file target-v5.cif (mmCIF, C-alpha atoms)
data_work
loop_
_atom_site.label_atom_id
_atom_site.label_comp_id
_atom_site.auth_asym_id
_atom_site.auth_seq_id
_atom_site.Cartn_x
_atom_site.Cartn_y
_atom_site.Cartn_z
CA MET H 1 34.90 -16.81 -6.88
CA LYS H 2 32.39 -18.81 -8.89
CA ILE H 3 30.92 -17.09 -11.92
CA GLN H 4 27.15 -16.67 -11.66
CA ASN H 5 25.40 -16.23 -14.98
CA LYS H 6 21.72 -16.88 -14.38
CA THR H 7 18.78 -14.56 -14.77
CA ALA H 8 16.43 -13.54 -11.98
CA ASP H 9 14.31 -16.65 -12.52
CA GLY H 10 17.26 -18.77 -11.40
CA ASN H 11 17.14 -21.08 -14.41
CA GLN H 12 18.00 -19.48 -17.71
CA LYS H 13 21.68 -18.84 -18.23
CA VAL H 14 22.77 -15.38 -19.38
CA SER H 15 24.96 -15.36 -22.46
CA GLY H 16 28.18 -13.41 -22.68
CA GLY H 17 26.63 -11.53 -25.56
CA SER H 18 23.92 -10.19 -23.26
CA TYR H 19 26.52 -8.62 -20.99
CA LEU H 20 28.56 -7.37 -23.92
CA ASN H 21 25.46 -5.67 -25.28
CA LEU H 22 25.12 -3.78 -22.00
CA GLY H 23 28.71 -2.63 -22.35
CA LEU H 24 28.11 -1.52 -25.92
CA TYR H 25 25.01 0.37 -24.78
CA ALA H 26 27.22 2.19 -22.27
CA PHE H 27 29.59 3.04 -25.12
CA ALA H 28 26.64 4.21 -27.21
CA GLY H 29 25.63 6.41 -24.30
CA LEU H 30 29.03 8.07 -24.41
CA GLY H 31 28.57 8.50 -28.14
CA MET H 32 25.40 10.52 -27.64
CA GLU H 33 27.62 13.49 -26.88
CA VAL H 34 28.96 13.36 -30.43
CA LEU H 35 25.40 13.58 -31.73
CA TYR H 36 24.73 16.60 -29.53
CA ALA H 37 28.04 18.39 -30.08
CA TYR H 38 28.47 17.93 -33.82
CA LEU H 39 24.94 17.62 -35.19
CA LEU H 40 22.16 18.98 -32.98
CA GLU H 41 23.66 21.82 -30.97
CA PRO H 42 25.52 23.53 -33.83
CA VAL H 43 22.14 23.83 -35.56
CA LEU H 44 20.51 25.23 -32.43
CA TYR H 45 23.30 27.67 -31.61
CA GLY H 46 24.22 28.56 -35.17
CA LYS H 47 27.93 27.90 -34.57
CA THR H 48 30.35 25.05 -34.01
CA MET H 49 31.39 23.80 -30.58
CA GLU H 50 34.68 25.72 -30.66
CA ASN H 51 32.73 29.00 -30.79
CA TRP H 52 30.12 28.32 -28.11
CA SER H 53 29.65 30.78 -25.29
CA GLY H 54 30.24 29.76 -21.68
CA GLY H 55 26.51 29.33 -21.14
CA GLN H 56 26.12 27.16 -24.22
CA THR H 57 29.04 24.99 -23.12
CA ILE H 58 27.52 24.54 -19.66
CA LEU H 59 24.15 23.67 -21.20
CA HIS H 60 25.87 21.07 -23.37
CA TRP H 61 27.50 19.51 -20.31
CA ILE H 62 24.20 19.48 -18.39
CA ILE H 63 22.33 17.79 -21.25
CA THR H 64 25.15 15.30 -21.68
CA CYS H 65 25.28 14.50 -17.96
CA ILE H 66 21.52 13.93 -17.84
CA THR H 67 21.78 11.59 -20.83
CA TRP H 68 24.70 9.68 -19.35
CA GLY H 69 22.97 9.44 -15.99
CA ILE H 70 19.88 7.93 -17.60
CA PHE H 71 21.99 5.41 -19.51
CA ALA H 72 23.91 4.40 -16.37
CA PHE H 73 20.75 4.05 -14.27
CA VAL H 74 18.90 1.96 -16.87
CA LEU H 75 21.86 -0.33 -17.54
CA ILE H 76 22.53 -0.98 -13.85
CA LYS H 77 18.85 -1.66 -13.17
CA LYS H 78 18.63 -4.00 -16.15
CA ALA H 79 21.75 -5.91 -15.12
CA GLU H 80 20.47 -6.31 -11.57
CA GLY H 81 16.81 -6.94 -12.38
CA LYS H 82 16.95 -9.05 -15.52
CA TYR H 83 20.31 -10.79 -15.12
CA SER H 84 20.70 -10.80 -11.31
CA PHE H 85 24.12 -9.21 -11.72
CA ASP H 86 24.67 -7.22 -8.53
CA LEU H 87 27.01 -4.43 -9.55
CA ARG H 88 26.65 -2.59 -6.25
CA ARG H 89 27.80 -5.36 -3.95
CA ARG H 90 30.71 -4.60 -1.65
CA GLY H 91 33.94 -6.30 -2.63
CA ASP H 92 36.35 -7.86 -0.16
CA SER H 93 38.51 -5.47 1.87
CA LEU H 94 41.67 -4.43 0.06
CA ARG H 95 45.08 -5.39 1.33
CA LEU H 96 47.85 -2.86 1.68
CA TRP H 97 49.53 -3.92 -1.55
CA GLN H 98 46.26 -3.41 -3.45
CA TRP H 99 45.91 0.14 -2.12
CA GLY H 100 49.55 0.69 -3.01
CA LEU H 101 49.05 -0.47 -6.59
CA CYS H 102 45.97 1.75 -6.90
CA MET H 103 48.13 4.72 -5.88
CA VAL H 104 50.76 3.69 -8.42
CA PHE H 105 48.14 3.69 -11.18
CA ILE H 106 46.90 7.12 -10.11
CA LEU H 107 50.45 8.50 -10.05
CA LEU H 108 51.25 7.03 -13.46
CA ALA H 109 48.09 8.56 -14.92
CA PHE H 110 49.02 11.88 -13.28
CA TRP H 111 52.53 11.73 -14.73
CA GLU H 112 51.22 11.07 -18.25
CA SER H 113 48.67 13.86 -17.90
CA TYR H 114 51.33 16.27 -16.60
CA ARG H 115 53.58 15.42 -19.53
CA ALA H 116 50.81 15.79 -22.12
CA TRP H 117 49.46 19.05 -20.70
CA GLY H 118 52.79 20.58 -19.78
CA GLY H 119 51.64 21.05 -16.19
CA PHE H 120 49.02 20.09 -13.63
CA LYS H 121 45.87 19.50 -15.66
CA VAL H 122 43.39 20.39 -12.91
CA TYR H 123 45.09 23.73 -12.23
CA LEU H 124 45.43 24.54 -15.92
CA GLU H 125 41.74 23.82 -16.54
CA PHE H 126 40.71 25.88 -13.53
CA ALA H 127 42.91 28.78 -14.61
CA GLY H 128 41.72 28.58 -18.20
CA LYS H 129 38.00 28.17 -17.59
CA GLY H 130 37.31 29.86 -14.28
CA PRO H 131 35.34 28.46 -11.31
CA LEU H 132 31.92 28.08 -12.98
CA LEU H 133 32.99 26.30 -16.16
CA PHE H 134 35.50 24.26 -14.19
CA THR H 135 32.79 23.02 -11.81
CA PHE H 136 30.47 21.90 -14.59
CA GLN H 137 33.28 20.30 -16.56
CA TYR H 138 34.29 18.15 -13.61
CA LEU H 139 30.67 17.19 -13.05
CA TYR H 140 30.74 16.10 -16.69
CA TYR H 141 33.88 14.06 -15.99
CA ALA H 142 32.14 12.37 -13.07
CA PHE H 143 29.31 11.09 -15.27
CA GLU H 144 31.74 10.10 -18.04
CA THR H 145 33.71 8.02 -15.55
CA MET H 146 30.57 6.07 -14.64
CA LEU H 147 29.88 5.05 -18.22
CA PHE H 148 33.36 3.92 -19.14
CA LEU H 149 33.47 2.00 -15.86
CA LEU H 150 30.30 0.19 -16.98
CA ILE H 151 32.03 -0.69 -20.26
CA VAL H 152 34.77 -2.31 -18.18
CA VAL H 153 32.32 -4.11 -15.86
CA PHE H 154 30.06 -5.53 -18.56
CA GLY H 155 32.94 -6.34 -20.89
CA GLN H 156 34.66 -8.22 -18.07
CA LYS H 157 31.51 -10.17 -17.24
CA ALA H 158 30.87 -11.07 -20.87
CA CYS H 159 34.35 -12.52 -21.40
CA GLU H 160 34.26 -14.40 -18.12
CA VAL H 161 31.07 -16.12 -19.23
CA TRP H 162 32.70 -17.00 -22.55
CA PHE H 163 36.19 -17.99 -21.40
CA HIS H 164 35.64 -18.96 -17.73
CA ARG H 165 38.74 -17.13 -16.51
CA GLU H 166 38.52 -14.30 -14.02
CA SER H 167 42.14 -13.13 -13.70
CA ILE H 168 42.43 -11.47 -17.13
CA PRO H 169 41.30 -7.80 -17.39
CA TYR H 170 39.06 -8.36 -20.39
CA GLY H 171 36.95 -5.33 -19.54
CA GLY H 172 39.95 -3.06 -19.87
CA ILE H 173 40.73 -4.45 -23.31
CA ILE H 174 37.18 -3.78 -24.47
CA CYS H 175 37.15 -0.32 -22.88
CA GLY H 176 40.52 0.53 -24.39
CA LEU H 177 39.48 -0.53 -27.88
CA THR H 178 36.09 1.20 -27.88
CA TRP H 179 37.07 4.34 -26.03
CA GLY H 180 40.49 4.61 -27.70
CA LEU H 181 39.17 4.15 -31.23
CA ALA H 182 36.46 6.72 -30.58
CA HIS H 183 39.11 9.26 -29.59
CA ILE H 184 41.15 8.47 -32.69
CA PHE H 185 38.17 9.35 -34.90
CA THR H 186 36.97 12.37 -32.90
CA LYS H 187 40.34 13.82 -31.85
CA ASP H 188 43.70 12.44 -32.99
CA LEU H 189 45.89 9.33 -33.01
CA ALA H 190 47.95 10.27 -29.94
CA THR H 191 44.83 10.92 -27.87
CA GLY H 192 43.34 7.64 -29.06
CA ILE H 193 46.43 5.63 -28.13
CA ALA H 194 46.52 7.29 -24.71
CA GLY H 195 42.84 6.43 -24.32
CA MET H 196 43.53 2.80 -25.18
CA ALA H 197 46.32 2.57 -22.60
CA LEU H 198 44.14 4.22 -19.98
CA GLY H 199 41.24 1.88 -20.79
CA PHE H 200 43.47 -1.17 -20.37
CA ALA H 201 44.64 0.18 -17.01
CA PHE H 202 41.03 0.73 -15.93
CA GLY H 203 40.30 -2.93 -16.50
CA TYR H 204 43.18 -4.02 -14.29
CA VAL H 205 42.14 -1.59 -11.55
CA TYR H 206 38.62 -3.02 -11.55
CA LEU H 207 40.04 -6.46 -10.75
CA LEU H 208 42.57 -4.97 -8.33
CA VAL H 209 39.81 -3.51 -6.12
CA ASN H 210 37.96 -6.86 -6.06
CA ARG H 211 35.26 -5.69 -8.48
CA ASP H 212 33.92 -3.19 -5.97
CA LEU H 213 32.13 -0.60 -8.12
CA ARG H 214 32.52 2.21 -5.57
CA LYS H 215 36.25 1.73 -5.09
CA ALA H 216 36.80 1.25 -8.81
CA TYR H 217 34.87 4.44 -9.56
CA ALA H 218 36.95 6.48 -7.10
CA VAL H 219 40.28 5.24 -8.46
CA LEU H 220 39.23 5.58 -12.09
CA PHE H 221 37.92 9.10 -11.52
CA PHE H 222 41.25 10.26 -10.09
CA MET H 223 43.17 8.51 -12.87
CA PHE H 224 40.94 10.24 -15.44
CA VAL H 225 40.88 13.79 -14.10
CA LEU H 226 44.38 14.18 -12.70
#
call {"tool": "encode", "arguments": {"input": "target-v5.cif", "output": "structure tokens"}}
result
Amino acid sequence: MKIQNKTADGNQKVSGGSYLNLGLYAFAGLGMEVLYAYLLEPVLYGKTMENWSGGQTILHWIITCITWGIFAFVLIKKAEGKYSFDLRRRGDSLRLWQWGLCMVFILLAFWESYRAWGGFKVYLEFAGKGPLLFTFQYLYYAFETMLFLLIVVFGQKACEVWFHRESIPYGGIICGLTWGLAHIFTKDLATGIAGMALGFAFGYVYLLVNRDLRKAYAVLFFMFVL
């Protein structure tokens, strides 16, 4: 597949830095939650995130999802309109071995999650939070998946423009470094390392599904939540 890196006018070439900036904007969009959770909302609610009520937690997730949705919409429209980068095109049909590898990635992510949580994460979250909180949390996960997928997509495109090789999962490396380091600073080292490994895997999956955004989103969502 030939790399296309021209803008909508058909003449001016798009630099790798332009695509990388889009990926970093997606990462910044994820970071908006930190601003809400640790700076703005504690002032509004008069207490830290650990002590929020169920309603305050749901409101936080709703605000965060709206923010992430706006970021995703604007970035996709800019990539398609300004850079003629069609993220929503259908990729080639997957062969059986590709579907099989996707299932392997999902099962590996499930195994790691089961080990870390000491059980089935989805069930434990449902049992711990109840139906209402559980529903909003998984809506939150759905929007989060979209943004870290965009980090992968734009990071991949940027490095392909720079290095002219399409078989290396550059986007996963960028996602793993940004997303993993963020978790190291906001949570702990083990969570950050797990985030890096998961980010690297996301990049490979994106190539595995022939850069089809819909298929990549579905696989990444299951890898993330299970």
call {"tool": "atom_distance", "arguments": {"input": "target-v5.cif", "atom1": "atom CA of Tyr204 of chain H", "atom2": "atom CA of Pro169 of chain H"}}
result
5.2 Å
call {"tool": "residues_near_point", "arguments": {"input": "target-v5.cif", "point": "(26.5, -1.4, -26.4)", "cutoff": "12 Å", "atoms": "all atoms listed in the file", "output": "list in words"}}
result
Gly17, Ser18, Tyr19, Leu20, Asn21, Leu22, Gly23, Leu24, Tyr25, Ala26, Phe27, Ala28, Gly29, Leu30, Gly31, Phe71, Ala72, Leu75, Leu147, Phe148, Leu150, Ile151, Val152, Phe154, Gly155, Ala158, Ile174, Cys175 and Thr178 of chain H
call {"tool": "residues_around", "arguments": {"input": "target-v5.cif", "residues": "Ser167 of chain H", "least_positions_apart": "4", "cutoff": "10 Å", "atoms": "all atoms listed in the file", "output": "NGL selection string"}}
result
:H and (156 or 160 or 204 or 207-208)
call {"tool": "resolve_selection", "arguments": {"input": "target-v5.cif", "expression": "the PyMOL selection byres ((chain H and resi 213) around 8)", "output": "ChimeraX atom specification"}}
result
/H:87-90,206,211-212,214-217
call {"tool": "atom_distance", "arguments": {"input": "target-v5.cif", "atom1": "atom CA of Leu177 of chain H", "atom2": "atom CA of Met196 of chain H"}}
result
5.9 Å
call {"tool": "resolve_selection", "arguments": {"input": "target-v5.cif", "expression": "the PyMOL selection byres ((chain H and resi 107) around 12)", "output": "number ranges by chain"}}
result
H: 100-106, 108-114, 219-220, 222-226
call {"tool": "write_last_selection", "arguments": {"input": "target-v5.cif", "atoms": "C-alpha atoms", "output": "PDB file, in the frame of the given file"}}
result
ATOM      1  CA  GLY H 100      49.550   0.690  -3.010  1.00  0.00           C
ATOM      2  CA  LEU H 101      49.050  -0.470  -6.590  1.00  0.00           C
ATOM      3  CA  CYS H 102      45.970   1.750  -6.900  1.00  0.00           C
ATOM      4  CA  MET H 103      48.130   4.720  -5.880  1.00  0.00           C
ATOM      5  CA  VAL H 104      50.760   3.690  -8.420  1.00  0.00           C
ATOM      6  CA  PHE H 105      48.140   3.690 -11.180  1.00  0.00           C
ATOM      7  CA  ILE H 106      46.900   7.120 -10.110  1.00  0.00           C
ATOM      8  CA  LEU H 108      51.250   7.030 -13.460  1.00  0.00           C
ATOM      9  CA  ALA H 109      48.090   8.560 -14.920  1.00  0.00           C
ATOM     10  CA  PHE H 110      49.020  11.880 -13.280  1.00  0.00           C
ATOM     11  CA  TRP H 111      52.530  11.730 -14.730  1.00  0.00           C
ATOM     12  CA  GLU H 112      51.220  11.070 -18.250  1.00  0.00           C
ATOM     13  CA  SER H 113      48.670  13.860 -17.900  1.00  0.00           C
ATOM     14  CA  TYR H 114      51.330  16.270 -16.600  1.00  0.00           C
ATOM     15  CA  VAL H 219      40.280   5.240  -8.460  1.00  0.00           C
ATOM     16  CA  LEU H 220      39.230   5.580 -12.090  1.00  0.00           C
ATOM     17  CA  PHE H 222      41.250  10.260 -10.090  1.00  0.00           C
ATOM     18  CA  MET H 223      43.170   8.510 -12.870  1.00  0.00           C
ATOM     19  CA  PHE H 224      40.940  10.240 -15.440  1.00  0.00           C
ATOM     20  CA  VAL H 225      40.880  13.790 -14.100  1.00  0.00           C
ATOM     21  CA  LEU H 226      44.380  14.180 -12.700  1.00  0.00           C
TER      22      LEU H 226
END
call {"tool": "atom_distance", "arguments": {"input": "target-v5.cif", "atom1": "atom CA of Ala194 of chain H", "atom2": "atom CA of Thr145 of chain H"}}
result
15.8 Å
call {"tool": "closest_residue", "arguments": {"input": "target-v5.cif", "among": "H:Ala190, H:Ile63, H:Leu96, H:Ile173", "to": "Tyr140 of chain H", "atoms": "all atoms listed in the file"}}
result
H:Ile63
call {"tool": "residues_around", "arguments": {"input": "target-v5.cif", "residues": "segment 47-62 of chain H", "least_positions_apart": "3", "cutoff": "12 Å", "atoms": "all atoms listed in the file", "output": "mmCIF file with C-alpha atoms, in the coordinates of the input"}}
result
data_model
loop_
_atom_site.group_PDB
_atom_site.id
_atom_site.type_symbol
_atom_site.label_atom_id
_atom_site.label_comp_id
_atom_site.auth_asym_id
_atom_site.auth_seq_id
_atom_site.Cartn_x
_atom_site.Cartn_y
_atom_site.Cartn_z
ATOM 1 C CA MET H 32 25.400 10.520 -27.640
ATOM 2 C CA GLU H 33 27.620 13.490 -26.880
ATOM 3 C CA VAL H 34 28.960 13.360 -30.430
ATOM 4 C CA LEU H 35 25.400 13.580 -31.730
ATOM 5 C CA TYR H 36 24.730 16.600 -29.530
ATOM 6 C CA ALA H 37 28.040 18.390 -30.080
ATOM 7 C CA TYR H 38 28.470 17.930 -33.820
ATOM 8 C CA LEU H 39 24.940 17.620 -35.190
ATOM 9 C CA LEU H 40 22.160 18.980 -32.980
ATOM 10 C CA GLU H 41 23.660 21.820 -30.970
ATOM 11 C CA PRO H 42 25.520 23.530 -33.830
ATOM 12 C CA VAL H 43 22.140 23.830 -35.560
ATOM 13 C CA LEU H 44 20.510 25.230 -32.430
ATOM 14 C CA CYS H 65 25.280 14.500 -17.960
ATOM 15 C CA ILE H 66 21.520 13.930 -17.840
ATOM 16 C CA THR H 67 21.780 11.590 -20.830
ATOM 17 C CA TRP H 68 24.700 9.680 -19.350
ATOM 18 C CA GLY H 69 22.970 9.440 -15.990
ATOM 19 C CA LYS H 129 38.000 28.170 -17.590
ATOM 20 C CA GLY H 130 37.310 29.860 -14.280
ATOM 21 C CA PRO H 131 35.340 28.460 -11.310
ATOM 22 C CA LEU H 132 31.920 28.080 -12.980
ATOM 23 C CA LEU H 133 32.990 26.300 -16.160
ATOM 24 C CA PHE H 134 35.500 24.260 -14.190
ATOM 25 C CA THR H 135 32.790 23.020 -11.810
ATOM 26 C CA PHE H 136 30.470 21.900 -14.590
ATOM 27 C CA GLN H 137 33.280 20.300 -16.560
ATOM 28 C CA TYR H 138 34.290 18.150 -13.610
ATOM 29 C CA LEU H 139 30.670 17.190 -13.050
ATOM 30 C CA TYR H 140 30.740 16.100 -16.690
ATOM 31 C CA TYR H 141 33.880 14.060 -15.990
ATOM 32 C CA ALA H 142 32.140 12.370 -13.070
ATOM 33 C CA PHE H 143 29.310 11.090 -15.270
ATOM 34 C CA GLU H 144 31.740 10.100 -18.040
#
